[in-house]
file input-v9.csv (CSV, C-alpha atoms and all ligand atoms)
chain,number,residue,atom,x,y,z
A,289,LEU,CA,0.0,0.0,0.0
A,290,ASN,CA,2.8,2.4,0.8
A,291,ASP,CA,4.4,1.8,-2.7
A,292,LEU,CA,0.9,2.4,-4.2
A,293,LEU,CA,0.4,5.6,-2.3
A,294,ASP,CA,3.9,6.8,-3.2
A,295,GLY,CA,3.1,6.2,-6.8
A,296,LYS,CA,6.0,3.7,-7.2
A,297,ILE,CA,3.5,1.0,-8.3
A,298,ARG,CA,0.0,1.1,-9.7
A,299,SER,CA,-3.0,-1.3,-9.5
A,300,ALA,CA,-5.7,-2.2,-12.0
A,301,TYR,CA,-9.3,-3.1,-11.3
A,302,VAL,CA,-10.3,-6.2,-13.3
A,303,MET,CA,-14.0,-6.7,-13.7
A,304,THR,CA,-15.3,-6.4,-17.3
A,305,GLU,CA,-15.5,-9.5,-19.5
A,306,PRO,CA,-15.6,-9.7,-23.3
A,307,ASN,CA,-18.3,-12.4,-23.4
A,308,THR,CA,-20.7,-11.1,-20.8
A,309,ALA,CA,-22.8,-7.9,-20.7
A,310,SER,CA,-20.7,-6.6,-17.8
A,311,SER,CA,-23.1,-3.8,-16.8
A,312,ASP,CA,-25.0,-6.6,-15.1
A,313,ALA,CA,-22.2,-7.6,-12.7
A,314,ALA,CA,-24.2,-10.5,-11.2
A,315,GLN,CA,-23.7,-12.5,-14.4
A,316,LEU,CA,-19.9,-12.1,-14.7
A,317,SER,CA,-18.7,-15.6,-15.4
A,318,PHE,CA,-14.9,-15.5,-15.2
A,319,GLU,CA,-14.3,-18.5,-13.0
A,320,ALA,CA,-12.6,-19.1,-9.6
A,321,LYS,CA,-12.5,-22.7,-8.5
A,322,LYS,CA,-11.0,-24.2,-5.3
A,323,ASP,CA,-8.3,-26.8,-5.6
A,324,ARG,CA,-7.6,-27.9,-2.1
A,325,ASP,CA,-5.9,-24.9,-0.4
A,326,LYS,CA,-5.5,-22.9,-3.7
A,327,TRP,CA,-7.9,-20.9,-5.9
A,328,VAL,CA,-7.6,-21.5,-9.7
A,329,LEU,CA,-8.7,-18.6,-12.0
A,330,ASN,CA,-9.7,-19.0,-15.6
A,331,GLY,CA,-11.2,-16.6,-18.2
A,332,GLU,CA,-10.8,-13.4,-20.0
A,333,LYS,CA,-11.2,-9.7,-19.0
A,334,TRP,CA,-10.9,-6.6,-21.0
A,335,TRP,CA,-10.9,-2.8,-20.8
A,336,ILE,CA,-8.6,-3.0,-17.8
A,337,SER,CA,-7.4,0.5,-17.3
A,338,GLY,CA,-3.9,1.1,-16.2
A,339,SER,CA,-2.8,-2.5,-16.9
A,340,GLY,CA,-0.6,-1.4,-19.7
A,341,ASP,CA,1.5,0.9,-17.4
A,342,PRO,CA,4.9,-0.7,-16.7
A,343,ARG,CA,4.4,0.4,-13.1
A,344,CYS,CA,1.2,-1.7,-12.8
A,345,ALA,CA,2.1,-4.3,-10.2
A,346,LEU,CA,-1.3,-5.5,-8.8
A,347,TYR,CA,-4.5,-6.7,-10.1
A,348,ILE,CA,-7.8,-6.7,-8.2
A,349,VAL,CA,-10.0,-9.3,-9.9
A,350,MET,CA,-13.7,-10.1,-9.6
A,351,ALA,CA,-14.4,-13.8,-10.2
A,352,CYS,CA,-17.4,-16.0,-10.0
A,353,SER,CA,-16.7,-18.5,-7.2
A,354,ASP,CA,-20.2,-19.9,-6.8
A,355,PRO,CA,-22.6,-19.5,-9.8
A,356,ASP,CA,-25.4,-21.1,-7.8
A,357,ALA,CA,-25.2,-18.8,-4.8
A,358,PRO,CA,-27.7,-15.9,-4.4
A,359,LYS,CA,-27.1,-13.1,-6.9
A,360,HIS,CA,-24.9,-10.9,-4.7
A,361,SER,CA,-22.9,-13.7,-3.1
A,362,ARG,CA,-21.7,-15.4,-6.3
A,363,HIS,CA,-18.5,-13.4,-6.7
A,364,THR,CA,-15.2,-13.2,-4.8
A,365,MET,CA,-12.6,-10.5,-5.2
A,366,PHE,CA,-8.9,-11.5,-5.4
A,367,VAL,CA,-5.7,-9.4,-5.2
A,368,MET,CA,-2.6,-10.7,-7.0
A,369,ASP,CA,0.7,-9.7,-8.5
A,370,ALA,CA,0.3,-8.7,-12.1
A,371,ASP,CA,3.1,-11.0,-13.1
A,372,THR,CA,1.5,-14.1,-11.5
A,373,PRO,CA,2.1,-17.1,-13.9
A,374,GLY,CA,-0.8,-17.7,-16.2
A,375,ILE,CA,-1.8,-14.1,-16.8
A,376,GLU,CA,-1.3,-12.9,-20.4
A,377,ILE,CA,-1.8,-9.4,-21.9
A,378,LEU,CA,-3.6,-10.1,-25.2
A,379,ARG,CA,-3.8,-6.6,-26.6
A,380,PRO,CA,-4.6,-3.0,-25.7
A,381,MET,CA,-8.1,-1.9,-26.5
A,382,GLN,CA,-8.4,1.3,-28.5
A,383,VAL,CA,-10.5,4.3,-27.5
A,384,PHE,CA,-11.6,6.2,-30.7
A,385,GLY,CA,-8.5,4.8,-32.4
A,386,HIS,CA,-6.1,5.6,-29.5
A,387,ASP,CA,-4.5,3.0,-27.3
A,388,ASP,CA,-4.0,5.4,-24.4
A,389,ALA,CA,-0.4,4.3,-23.9
A,390,PRO,CA,1.3,3.9,-21.5
A,391,HIS,CA,-1.8,3.7,-19.3
A,392,GLY,CA,-3.6,1.3,-21.6
A,393,HIS,CA,-6.9,-0.6,-21.3
A,394,MET,CA,-5.8,-4.2,-21.7
A,395,HIS,CA,-7.5,-7.4,-22.8
A,396,LEU,CA,-6.2,-10.1,-20.4
A,397,ARG,CA,-6.4,-13.9,-20.4
A,398,PHE,CA,-6.1,-15.9,-17.2
A,399,THR,CA,-5.1,-19.6,-17.6
A,400,ASN,CA,-5.0,-21.8,-14.5
A,401,VAL,CA,-3.8,-18.8,-12.4
A,402,ARG,CA,-3.2,-20.4,-8.9
A,403,LEU,CA,-3.6,-18.2,-5.8
A,404,PRO,CA,-3.4,-18.8,-2.1
A,405,ALA,CA,-6.4,-18.3,0.2
A,406,SER,CA,-4.8,-15.1,1.4
A,407,ALA,CA,-5.5,-13.6,-2.1
A,408,VAL,CA,-9.2,-13.3,-1.2
A,409,VAL,CA,-10.2,-9.7,-0.4
A,410,LEU,CA,-12.7,-9.4,2.5
A,411,GLY,CA,-14.1,-12.9,2.2
A,412,GLU,CA,-15.4,-15.6,-0.2
A,413,GLY,CA,-18.6,-14.5,-1.9
A,414,ARG,CA,-18.2,-10.9,-0.8
A,415,GLY,CA,-17.0,-9.5,-4.2
A,416,PHE,CA,-20.0,-7.3,-4.6
A,417,GLU,CA,-19.4,-5.6,-1.3
A,418,VAL,CA,-15.8,-4.8,-2.3
A,419,ALA,CA,-17.0,-3.6,-5.7
A,420,GLN,CA,-19.6,-1.3,-4.3
A,421,GLY,CA,-17.1,0.1,-1.7
A,422,ARG,CA,-14.5,0.8,-4.3
A,423,LEU,CA,-16.7,2.0,-7.2
A,424,GLY,CA,-18.7,4.6,-5.1
A,425,PRO,CA,-15.8,6.9,-4.3
A,426,GLY,CA,-14.2,6.1,-7.6
A,427,ARG,CA,-17.2,7.3,-9.5
A,428,ILE,CA,-17.4,10.6,-7.5
A,429,HIS,CA,-13.7,11.1,-8.3
A,430,HIS,CA,-14.3,10.5,-12.1
A,431,CYS,CA,-17.1,13.1,-11.9
A,432,MET,CA,-15.0,15.6,-10.1
A,433,ARG,CA,-12.4,15.3,-12.9
A,434,ALA,CA,-15.1,15.6,-15.6
A,435,ILE,CA,-16.4,18.8,-14.0
A,436,GLY,CA,-12.8,20.1,-13.9
A,437,GLN,CA,-12.5,19.4,-17.6
A,438,ALA,CA,-15.7,21.3,-18.3
A,439,GLU,CA,-14.4,24.2,-16.3
A,440,LYS,CA,-11.1,24.2,-18.4
A,441,ALA,CA,-13.1,24.0,-21.6
A,442,LEU,CA,-15.3,27.0,-20.6
A,443,GLU,CA,-12.2,29.0,-19.8
A,444,MET,CA,-10.6,28.1,-23.1
A,445,MET,CA,-13.9,29.0,-24.9
A,446,CYS,CA,-14.1,32.4,-23.3
A,447,LYS,CA,-10.5,33.3,-24.0
A,448,ARG,CA,-10.7,32.2,-27.6
A,449,GLY,CA,-14.0,34.0,-28.2
A,450,LEU,CA,-12.5,37.2,-26.8
A,451,ALA,CA,-9.2,36.9,-28.6
A,452,ARG,CA,-10.3,36.2,-32.2
A,453,GLU,CA,-12.4,38.2,-34.6
A,454,ALA,CA,-14.7,37.4,-37.5
A,455,PHE,CA,-17.2,39.6,-39.4
A,456,GLY,CA,-15.8,42.7,-37.7
A,457,LYS,CA,-16.5,41.5,-34.2
A,458,GLN,CA,-15.0,39.4,-31.4
A,459,ILE,CA,-16.3,35.8,-32.0
A,460,ILE,CA,-17.9,35.8,-28.6
A,461,GLU,CA,-20.2,38.6,-29.8
A,462,LEU,CA,-21.5,36.6,-32.7
A,463,GLY,CA,-24.6,34.4,-32.9
A,464,ALA,CA,-25.7,32.6,-29.7
A,465,ASN,CA,-22.3,32.6,-28.1
A,466,TYR,CA,-23.4,34.5,-25.0
A,467,ASP,CA,-26.1,31.9,-24.4
A,468,ILE,CA,-23.6,29.1,-24.9
A,469,ILE,CA,-21.2,30.6,-22.3
A,470,ALA,CA,-24.1,31.2,-19.9
A,471,ASN,CA,-25.5,27.7,-20.3
A,472,ALA,CA,-22.1,26.2,-19.8
A,473,ARG,CA,-21.5,28.1,-16.6
A,474,MET,CA,-25.0,27.2,-15.2
A,475,GLU,CA,-24.7,23.5,-16.1
A,476,ILE,CA,-21.2,23.3,-14.6
A,477,GLU,CA,-22.5,24.8,-11.3
A,478,MET,CA,-25.5,22.4,-11.2
A,479,ALA,CA,-23.3,19.4,-11.7
A,480,ARG,CA,-20.8,20.7,-9.1
A,481,LEU,CA,-23.5,21.0,-6.5
A,482,LEU,CA,-24.9,17.5,-7.3
A,483,CYS,CA,-21.4,16.1,-7.0
A,484,LEU,CA,-20.9,17.8,-3.7
A,485,LYS,CA,-24.2,16.3,-2.5
A,486,ALA,CA,-23.1,12.8,-3.6
A,487,ALA,CA,-19.8,13.2,-1.7
A,488,TYR,CA,-21.7,14.6,1.3
A,489,MET,CA,-24.0,11.6,1.4
A,490,MET,CA,-21.0,9.2,1.1
A,491,ASP,CA,-19.3,10.9,4.0
A,492,THR,CA,-22.3,11.2,6.3
A,493,ALA,CA,-24.8,8.4,5.4
A,494,GLY,CA,-22.5,5.7,3.9
A,495,VAL,CA,-22.2,3.9,0.6
A,496,ARG,CA,-25.7,2.4,0.4
A,497,ALA,CA,-27.5,5.6,1.1
A,498,ALA,CA,-25.2,7.5,-1.3
A,499,GLN,CA,-25.8,5.1,-4.1
A,500,PRO,CA,-28.6,6.9,-5.9
A,501,TRP,CA,-26.8,10.2,-5.5
A,502,ILE,CA,-23.6,8.7,-7.0
A,503,SER,CA,-25.7,7.3,-9.9
A,504,LYS,CA,-27.3,10.8,-10.5
A,505,ILE,CA,-23.9,12.6,-10.8
A,506,LYS,CA,-22.4,9.7,-12.8
A,507,VAL,CA,-25.0,10.3,-15.5
A,508,VAL,CA,-25.0,14.1,-15.2
A,509,ALA,CA,-21.3,15.0,-15.0
A,510,PRO,CA,-20.0,13.2,-18.2
A,511,LEU,CA,-23.0,14.4,-20.2
A,512,MET,CA,-22.6,18.0,-19.1
A,513,ALA,CA,-18.9,17.9,-19.7
A,514,GLY,CA,-19.3,16.4,-23.1
A,515,LYS,CA,-21.7,19.2,-24.1
A,516,VAL,CA,-19.5,22.0,-22.8
A,517,ILE,CA,-16.3,20.6,-24.4
A,518,ASP,CA,-18.2,20.1,-27.7
A,519,GLU,CA,-19.2,23.8,-27.7
A,520,ALA,CA,-15.7,24.8,-26.9
A,521,MET,CA,-14.4,22.7,-29.8
A,522,GLN,CA,-16.9,24.4,-32.1
A,523,LEU,CA,-15.9,27.9,-31.0
A,524,HIS,CA,-12.2,27.1,-31.6
A,525,GLY,CA,-12.9,26.2,-35.2
A,526,ALA,CA,-10.8,23.3,-36.7
A,527,ALA,CA,-8.1,23.9,-34.1
A,528,GLY,CA,-10.7,22.6,-31.5
A,529,ILE,CA,-10.4,19.1,-32.9
A,530,SER,CA,-6.7,19.2,-33.6
A,531,GLN,CA,-3.6,18.3,-31.7
A,532,ASP,CA,-3.1,22.0,-30.9
A,533,THR,CA,-5.7,22.0,-28.1
A,534,ASP,CA,-6.5,19.5,-25.4
A,535,LEU,CA,-10.2,19.6,-26.3
A,536,ALA,CA,-10.4,16.5,-28.5
A,537,HIS,CA,-8.7,14.4,-25.9
A,538,MET,CA,-10.9,15.8,-23.2
A,539,TRP,CA,-14.0,15.0,-25.2
A,540,THR,CA,-13.1,11.4,-25.9
A,541,HIS,CA,-12.3,10.9,-22.2
A,542,VAL,CA,-15.7,12.2,-21.0
A,543,ARG,CA,-17.4,10.2,-23.7
A,544,THR,CA,-15.8,7.0,-22.5
A,545,LEU,CA,-16.9,7.9,-19.0
A,546,ARG,CA,-20.5,7.2,-20.1
A,547,PHE,CA,-19.5,3.5,-20.2
A,548,ALA,CA,-16.7,3.2,-17.6
A,549,ASP,CA,-17.9,2.4,-14.1
A,550,GLY,CA,-21.3,1.6,-15.5
A,551,PRO,CA,-23.2,2.9,-18.5
A,552,ASP,CA,-25.7,5.8,-18.2
A,553,ALA,CA,-28.7,3.5,-18.6
A,554,VAL,CA,-27.7,1.4,-15.6
A,555,HIS,CA,-27.3,4.4,-13.4
A,556,ARG,CA,-30.6,5.9,-14.6
A,557,ARG,CA,-32.2,2.6,-13.6
A,558,GLN,CA,-30.7,2.9,-10.1
A,559,VAL,CA,-32.1,6.5,-9.8
A,560,ALA,CA,-35.5,5.4,-11.0
A,561,ARG,CA,-35.6,2.4,-8.6
A,562,ALA,CA,-34.8,4.6,-5.6
A,563,GLU,CA,-37.5,7.0,-6.7
A,564,LEU,CA,-40.2,4.2,-7.2
A,565,LYS,CA,-39.3,2.6,-3.9
A,566,LYS,CA,-40.8,5.6,-2.2
A,567,TYR,CA,-44.2,4.6,-3.6
A,568,SER,CA,-44.1,0.8,-3.9
A,569,ASN,CA,-43.0,-2.2,-1.8
A,570,GLU,CA,-42.2,-4.2,-4.9
A,571,ASN,CA,-38.5,-5.0,-5.5
A,572,ARG,CA,-37.6,-3.8,-9.0
A,601,LIG,C1,-12.2,3.8,-21.4
A,601,LIG,C2,-12.8,2.7,-20.6
A,601,LIG,C3,-12.1,2.2,-19.4
A,601,LIG,C4,-12.6,1.2,-18.7
A,601,LIG,N1,-11.9,0.7,-17.6
A,601,LIG,C5,-12.3,-0.4,-17.0
A,601,LIG,C6,-11.5,-0.9,-15.9
A,601,LIG,O1,-10.5,-0.4,-15.5
A,601,LIG,N2,-11.9,-2.1,-15.3
A,601,LIG,C7,-13.0,-2.8,-15.7
A,601,LIG,O2,-13.3,-3.8,-15.2
A,601,LIG,N3,-13.8,-2.3,-16.7
A,601,LIG,C8,-13.5,-1.1,-17.4
A,601,LIG,N4,-14.2,-0.6,-18.4
A,601,LIG,C9,-15.4,-1.3,-18.8
A,601,LIG,C10,-16.7,-0.7,-18.4
A,601,LIG,O3,-16.9,-0.7,-17.0
A,601,LIG,C11,-17.8,-1.5,-19.2
A,601,LIG,O4,-17.7,-1.2,-20.5
A,601,LIG,C12,-19.2,-1.1,-18.7
A,601,LIG,O5,-19.4,-1.6,-17.4
A,601,LIG,C13,-20.3,-1.7,-19.6
A,601,LIG,O6,-20.1,-3.1,-19.8
A,601,LIG,P1,-20.2,-3.6,-21.3
A,601,LIG,O7,-19.2,-2.9,-22.1
A,601,LIG,O8,-20.1,-5.1,-21.2
A,601,LIG,O9,-21.6,-3.2,-21.8
A,601,LIG,P2,-23.0,-4.0,-21.8
A,601,LIG,O10,-23.2,-4.6,-20.4
A,601,LIG,O11,-22.9,-5.0,-22.9
A,601,LIG,O12,-24.0,-2.9,-22.1
A,601,LIG,C14,-24.1,-2.3,-23.3
A,601,LIG,C15,-25.3,-1.3,-23.4
A,601,LIG,O13,-26.5,-2.0,-23.1
A,601,LIG,C16,-27.5,-1.1,-22.6
A,601,LIG,N5,-27.9,-1.5,-21.2
A,601,LIG,C17,-27.2,-2.3,-20.3
A,601,LIG,N6,-27.9,-2.3,-19.2
A,601,LIG,C18,-29.0,-1.6,-19.4
A,601,LIG,C19,-30.1,-1.2,-18.5
A,601,LIG,N7,-30.3,-1.7,-17.3
A,601,LIG,N8,-31.1,-0.4,-19.0
A,601,LIG,C20,-31.0,0.0,-20.3
A,601,LIG,N9,-30.0,-0.3,-21.2
A,601,LIG,C21,-29.0,-1.0,-20.7
A,601,LIG,C22,-26.8,0.3,-22.5
A,601,LIG,O14,-27.0,1.0,-23.7
A,601,LIG,C23,-25.3,-0.2,-22.4
A,601,LIG,O15,-24.4,0.9,-22.8
A,601,LIG,C24,-13.8,0.5,-19.1
A,601,LIG,C25,-14.5,1.0,-20.3
A,601,LIG,C26,-14.0,2.0,-21.0
A,601,LIG,C27,-14.7,2.5,-22.2
call {"tool": "encode", "arguments": {"input": "input-v9.csv", "output": "structure tokens", "more": "lines below"}}
Ligand SMILES: Cc1cc2nc3c(=O)[nH]c(=O)nc-3n(C[C@H](O)[C@H](O)[C@H](O)COP(=O)(O)OP(=O)(O)OC[C@H]3O[C@@H](n4cnc5c(N)ncnc54)[C@H](O)[C@@H]3O)c2cc1C
result
Amino acid sequence: LNDLLDGKIRSAYVMTEPNTASSDAAQLSFEAKKDRDKWVLNGEKWWISGSGDPRCALYIVMACSDPDAPKHSRHTMFVMDADTPGIEILRPMQVFGHDDAPHGHMHLRFTNVRLPASAVVLGEGRGFEVAQGRLGPGRIHHCMRAIGQAEKALEMMCKRGLAREAFGKQIIELGANYDIIANARMEIEMARLLCLKAAYMMDTAGVRAAQPWISKIKVVAPLMAGKVIDEAMQLHGAAGISQDTDLAHMWTHVRTLRFADGPDAVHRRQVARAELKKYSNENR
């Protein structure tokens, strides 16, 4: 942990599978079987962010240890060295044509990876609990960064609009650009307050109570940031999508956030379920 905190090594979180709709984590089928005092892991995982980084020394892997157990007790979380025998990196996945090197989002194959009982995190069948504990703060963190990127895009948009002229006026004075600036500022502030509320709920009421709030901001922040960055690209003209500004990279990042750590639709479902629960005893 000290080496992780000092940034000397990195870890990767290994959950998503190529052959399973992984937004429904209960059906993840990557296998963990007991062989006397060892666990044996087999299967493929992909989109594992950070696993391409040469400093990546640890994998935290969610595996199905009992497919017949109740939905939320089927999975166990394991921690292991990234160079454990039997783990292969098959390829880097590309995001809009980029491999995000050296960070990378790798496609991995595990073949008879043998682990001691001490590799289990928290306890057998408690993978979901670990996932929820880790993904909650991680999602808030992603959203904070998306809001920061929107803030940066707005700043760039204002400076560019004031600095460049067309049709005898500053670009900012043309068309609907005042409205675009105003809407961007208002939407950033709304997202910032929602993010703060999610973090406040996490701190004061715990992961479970914060869940719908985390889902709300996980939908709102990347959508808002995508929209603001898109407007900033437009106001920059062709430079906005080129290598001369950070905007194109920022846009692709916030677009991928609409999948990473759960697609929008799954989070909307969480929000709707929490809302409906107020009026119905049925478990949806
Ligand atoms: C850049 C990037 C980095 C990533 N990093 C990691 C990582 O480090 N570790 C890791 O384990 N994974 C990572 N992922 C994977 C990511 O978490 C998954 O892509 C995501 O959970 C969705 O799983 P899936 O791709 O299997 O989509 P699927 O489960 O196949 O879902 C596809 C689509 O089905 C629809 N859908 C699904 N459920 C519902 C629903 N309830 N209601 C309505 N529609 C629905 C939605 O349109 C959804 O987008 C990363 C992904 C990206 C793009």
call {"tool": "residues_near_ligand", "arguments": {"input": "input-v9.csv", "ligand": "ligand LIG 601 (chain A)", "cutoff": "7 Å", "atoms": "all atoms listed in the file", "output": "number ranges by chain"}}
result
A: 300-306, 308-312, 334-338, 383, 393, 544-545, 547-554, 557
call {"tool": "write_last_selection", "arguments": {"input": "input-v9.csv", "atoms": "C-alpha atoms", "output": "mmCIF file, keeping the file's coordinate frame"}}
result
data_model
loop_
_atom_site.group_PDB
_atom_site.id
_atom_site.type_symbol
_atom_site.label_atom_id
_atom_site.label_comp_id
_atom_site.auth_asym_id
_atom_site.auth_seq_id
_atom_site.Cartn_x
_atom_site.Cartn_y
_atom_site.Cartn_z
ATOM 1 C CA ALA A 300 -5.700 -2.200 -12.000
ATOM 2 C CA TYR A 301 -9.300 -3.100 -11.300
ATOM 3 C CA VAL A 302 -10.300 -6.200 -13.300
ATOM 4 C CA MET A 303 -14.000 -6.700 -13.700
ATOM 5 C CA THR A 304 -15.300 -6.400 -17.300
ATOM 6 C CA GLU A 305 -15.500 -9.500 -19.500
ATOM 7 C CA PRO A 306 -15.600 -9.700 -23.300
ATOM 8 C CA THR A 308 -20.700 -11.100 -20.800
ATOM 9 C CA ALA A 309 -22.800 -7.900 -20.700
ATOM 10 C CA SER A 310 -20.700 -6.600 -17.800
ATOM 11 C CA SER A 311 -23.100 -3.800 -16.800
ATOM 12 C CA ASP A 312 -25.000 -6.600 -15.100
ATOM 13 C CA TRP A 334 -10.900 -6.600 -21.000
ATOM 14 C CA TRP A 335 -10.900 -2.800 -20.800
ATOM 15 C CA ILE A 336 -8.600 -3.000 -17.800
ATOM 16 C CA SER A 337 -7.400 0.500 -17.300
ATOM 17 C CA GLY A 338 -3.900 1.100 -16.200
ATOM 18 C CA VAL A 383 -10.500 4.300 -27.500
ATOM 19 C CA HIS A 393 -6.900 -0.600 -21.300
ATOM 20 C CA THR A 544 -15.800 7.000 -22.500
ATOM 21 C CA LEU A 545 -16.900 7.900 -19.000
ATOM 22 C CA PHE A 547 -19.500 3.500 -20.200
ATOM 23 C CA ALA A 548 -16.700 3.200 -17.600
ATOM 24 C CA ASP A 549 -17.900 2.400 -14.100
ATOM 25 C CA GLY A 550 -21.300 1.600 -15.500
ATOM 26 C CA PRO A 551 -23.200 2.900 -18.500
ATOM 27 C CA ASP A 552 -25.700 5.800 -18.200
ATOM 28 C CA ALA A 553 -28.700 3.500 -18.600
ATOM 29 C CA VAL A 554 -27.700 1.400 -15.600
ATOM 30 C CA ARG A 557 -32.200 2.600 -13.600
#
call {"tool": "residues_around", "arguments": {"input": "input-v9.csv", "residues": "Val418 in chain A", "least_positions_apart": "6", "cutoff": "10 Å", "atoms": "only C-alpha atoms", "output": "ChimeraX atom specification"}}
result
/A:350,364-365,409-411
call {"tool": "atom_distance", "arguments": {"input": "input-v9.csv", "atom1": "CA of Lys322 in chain A", "atom2": "CA of Pro404 in chain A"}}
result
9.9 Å
call {"tool": "residues_near_point", "arguments": {"input": "input-v9.csv", "point": "(5.0, -0.3, -8.7)", "cutoff": "6 Å", "atoms": "all atoms listed in the file", "output": "list in words"}}
result
Lys296, Ile297, Arg298, Arg343, Cys344 and Ala345 of chain A
call {"tool": "atom_distance", "arguments": {"input": "input-v9.csv", "atom1": "CA of Leu481 in chain A", "atom2": "CA of Leu523 in chain A"}}
result
26.6 Å
call {"tool": "build_atoms", "arguments": {"input": "input-v9.csv", "residues": "range 379-395 of chain A", "atoms": "N, CA, C and O atoms", "output": "mmCIF file, in the coordinates of the input"}}
result
data_model
loop_
_atom_site.group_PDB
_atom_site.id
_atom_site.type_symbol
_atom_site.label_atom_id
_atom_site.label_comp_id
_atom_site.auth_asym_id
_atom_site.auth_seq_id
_atom_site.Cartn_x
_atom_site.Cartn_y
_atom_site.Cartn_z
ATOM 1 N N ARG A 379 -3.931 -7.748 -25.756
ATOM 2 C CA ARG A 379 -3.800 -6.600 -26.600
ATOM 3 C C ARG A 379 -4.357 -5.342 -25.870
ATOM 4 O O ARG A 379 -5.141 -5.481 -24.923
ATOM 5 N N PRO A 380 -3.937 -4.156 -26.312
ATOM 6 C CA PRO A 380 -4.600 -3.000 -25.700
ATOM 7 C C PRO A 380 -5.858 -2.669 -26.493
ATOM 8 O O PRO A 380 -5.892 -2.759 -27.724
ATOM 9 N N MET A 381 -6.916 -2.309 -25.779
ATOM 10 C CA MET A 381 -8.100 -1.900 -26.500
ATOM 11 C C MET A 381 -7.959 -0.431 -26.885
ATOM 12 O O MET A 381 -7.257 0.333 -26.223
ATOM 13 N N GLN A 382 -8.587 -0.061 -27.993
ATOM 14 C CA GLN A 382 -8.400 1.300 -28.500
ATOM 15 C C GLN A 382 -9.681 2.137 -28.191
ATOM 16 O O GLN A 382 -10.803 1.654 -28.344
ATOM 17 N N VAL A 383 -9.449 3.376 -27.790
ATOM 18 C CA VAL A 383 -10.500 4.300 -27.500
ATOM 19 C C VAL A 383 -10.536 5.326 -28.684
ATOM 20 O O VAL A 383 -9.581 6.090 -28.824
ATOM 21 N N PHE A 384 -11.550 5.303 -29.506
ATOM 22 C CA PHE A 384 -11.600 6.200 -30.700
ATOM 23 C C PHE A 384 -10.259 6.122 -31.457
ATOM 24 O O PHE A 384 -9.725 7.149 -31.865
ATOM 25 N N GLY A 385 -9.712 4.916 -31.577
ATOM 26 C CA GLY A 385 -8.500 4.800 -32.400
ATOM 27 C C GLY A 385 -7.191 4.976 -31.591
ATOM 28 O O GLY A 385 -6.116 4.766 -32.138
ATOM 29 N N HIS A 386 -7.281 5.363 -30.306
ATOM 30 C CA HIS A 386 -6.100 5.600 -29.500
ATOM 31 C C HIS A 386 -5.896 4.475 -28.483
ATOM 32 O O HIS A 386 -6.891 4.039 -27.891
ATOM 33 N N ASP A 387 -4.649 4.065 -28.235
ATOM 34 C CA ASP A 387 -4.500 3.000 -27.300
ATOM 35 C C ASP A 387 -4.179 3.493 -25.845
ATOM 36 O O ASP A 387 -3.961 2.716 -24.927
ATOM 37 N N ASP A 388 -4.206 4.823 -25.684
ATOM 38 C CA ASP A 388 -4.000 5.400 -24.400
ATOM 39 C C ASP A 388 -2.702 4.986 -23.686
ATOM 40 O O ASP A 388 -2.643 4.870 -22.461
ATOM 41 N N ALA A 389 -1.678 4.686 -24.489
ATOM 42 C CA ALA A 389 -0.400 4.300 -23.900
ATOM 43 C C ALA A 389 0.223 5.427 -23.122
ATOM 44 O O ALA A 389 0.014 6.578 -23.496
ATOM 45 N N PRO A 390 0.971 5.198 -22.057
ATOM 46 C CA PRO A 390 1.300 3.900 -21.500
ATOM 47 C C PRO A 390 0.272 3.304 -20.574
ATOM 48 O O PRO A 390 0.411 2.163 -20.145
ATOM 49 N N HIS A 391 -0.755 4.112 -20.240
ATOM 50 C CA HIS A 391 -1.800 3.700 -19.300
ATOM 51 C C HIS A 391 -2.437 2.391 -19.768
ATOM 52 O O HIS A 391 -2.317 1.340 -19.158
ATOM 53 N N GLY A 392 -3.091 2.465 -20.925
ATOM 54 C CA GLY A 392 -3.600 1.300 -21.600
ATOM 55 C C GLY A 392 -4.873 0.704 -20.938
ATOM 56 O O GLY A 392 -5.091 0.831 -19.729
ATOM 57 N N HIS A 393 -5.726 0.111 -21.762
ATOM 58 C CA HIS A 393 -6.900 -0.600 -21.300
ATOM 59 C C HIS A 393 -6.818 -2.010 -21.859
ATOM 60 O O HIS A 393 -7.265 -2.271 -22.972
ATOM 61 N N MET A 394 -6.193 -2.923 -21.122
ATOM 62 C CA MET A 394 -5.800 -4.200 -21.700
ATOM 63 C C MET A 394 -6.857 -5.268 -21.703
ATOM 64 O O MET A 394 -7.722 -5.300 -20.829
ATOM 65 N N HIS A 395 -6.714 -6.124 -22.720
ATOM 66 C CA HIS A 395 -7.500 -7.400 -22.800
ATOM 67 C C HIS A 395 -6.596 -8.450 -22.215
ATOM 68 O O HIS A 395 -5.486 -8.659 -22.702
#
